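Quick notes on the structure that follows.
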Amino acid sequence: MGKLVALVLLGVGLSLVGEMFLAFRERMNASREVEPVEPENCRLIEELENGSEDIDILPGGLAFISSGLKYPGLQNFAPDEPGKIFLMDLNEQNPRAQALEISGGFDKELFNPHGISIFIDKDHTVYLYVVNHPHMKSTVEIFKFEEQQRSLVYLKTIKHELLKSVNDIVVLGPEQFYATRDHYFTNSFLSLFEMILDLRWTYVLFYSPKEVKVVAKGFRSANGITVSADQKYFASRMFCLRSPG
């Protein structure tokens with residue numbers, strides 16, 4: 001009798017896992033047929049062969065691009081090379097990507113950039129905030145952009161216990177930003193089960209030197225984020241919410 005009960009429970013468990021896996025495949029559009037499309041006015045940007053993760057554009061047309069992300073479960077085309085920040089002038093007819101030099105004592109060998117966000121101060125100084133994953137941890141690096149030299153100057157690293165599995169940020173002011181956590185588990189194996197089981201344990205947090213708090217939670221995978229011009233609303237591909245501030 002005990003063996004029969006065990007077999008029944010095993011069968012029910014496997015059935016539930018199978019249903020969850022099929023639902024996961026449907027959410028990921030794994031069975032969708034992709035039709036080939038010939039893009040118009042599209043060309044390959046050299047120097048970005050290792051992939052580009054995020055882009056943010058200055059009002060004048062200069063675009064910052066993060067490249068070379070190494071992330072658990074994702075293929076990397078240059079596993080032995082550190083990540084980089086590229087600059088492109090979108091005003092040019094055939095813009096090219098230029099890797100920005102980084103000064104100020106920053107450890108470039110551990111640079112693993114993810115989401116980025118620009119902040120322009122009242123004196124028109126441009127700051128670039130970059131989500132970084134040194135040793136697969138999550139930090140936020142702050143750089144000052146030197147337009148004449150086309151370079152970045154490292155200023156500061158922000159760490160906090162709530163800054164885990166950070167995907168993207170959007171800056172509101174000096175050292176003030178929203179950040180998304182895309183996975184609850186940092187282990188790649190557990191992260192896979194997290195997605196299959198559809199666990200909605202990720203969140204959006206607000207960071208400032210005076211206060212760090214979770215402002216929205218219950219998401220399947222909080223990913224890219226942006227904010228309205230008046231900073232009253234912040235949105236991702238999965239939600240749009242009123243700013244608690």
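Going by the structure tokens order, chains are called A, B, ..., each with residues numbered from 1, while ligands are numbered from 1 in the order shown.
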Problem - For region 200-214 of chain A: contacts at 9 Å, only C-alpha atoms, fewer than 5 positions along chain excluded, given as a ChimeraX atom specification - result: /A:160,162-163,173-184,194-195,219-222
Practice task
Go through region 17-203 of chain A and collect every residue that DSSP, computed from the backbone, puts in strand (DSSP E); the answer should be as a PyMOL selection string.
Solution key: chain A and resi 52-57+62-67+84-89+98-99+101-103+113-120+126-132+139-146+151-158+166-173+176-181+202-203
Practice task
Quick one: pull the distance between CA of Phe86 (chain A) and CA of Phe64 (chain A), Å, one decimal.
Solution key: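 Rounded to one decimal, the two atoms are 5.7 Å apart.
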Practice task
Name all residues at most 7 Å from Ala99 (chain A) (count only C-alpha atoms; drop same-chain ones fewer than 4 positions away) and give them as a list in words.
Solution key: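 That gives Lys84, Ile85, Phe86 and Leu87 of chain A.
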Keeping only N, CA and C atoms, write those residues as a PDB file, in the first residue's frame.
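Okay, out.pdb is ready:
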```
ATOM      1  N   LYS A  84      32.736  46.455 -21.510  1.00  0.00           N
ATOM      2  CA  LYS A  84      33.114  47.813 -21.894  1.00  0.00           C
ATOM      3  C   LYS A  84      31.871  48.692 -22.046  1.00  0.00           C
ATOM      4  N   ILE A  85      32.123  49.993 -22.015  1.00  0.00           N
ATOM      5  CA  ILE A  85      31.110  50.981 -22.362  1.00  0.00           C
ATOM      6  C   ILE A  85      31.528  51.624 -23.679  1.00  0.00           C
ATOM      7  N   PHE A  86      30.620  51.591 -24.638  1.00  0.00           N
ATOM      8  CA  PHE A  86      30.886  52.180 -25.947  1.00  0.00           C
ATOM      9  C   PHE A  86      30.106  53.483 -26.107  1.00  0.00           C
ATOM     10  N   LEU A  87      30.632  54.338 -26.977  1.00  0.00           N
ATOM     11  CA  LEU A  87      29.981  55.605 -27.304  1.00  0.00           C
ATOM     12  C   LEU A  87      29.737  55.662 -28.800  1.00  0.00           C
TER      13      LEU A  87
END
```
Handout entry: All residues 10 Å or closer to region 67-80 of chain A, only C-alpha atoms, same chain fewer than 5 positions away omitted, as a PyMOL selection string
Key = chain A and resi 47-55+85-86+99+109+111-115+132-136+165+186-189+191-192
Practice task
Using only C-alpha atoms, find the one residue out of A:Ser151, A:Asn91, A:Ser66, A:Asn223 that sits nearest to Ile169 (chain A).
Solution key: A:Asn223
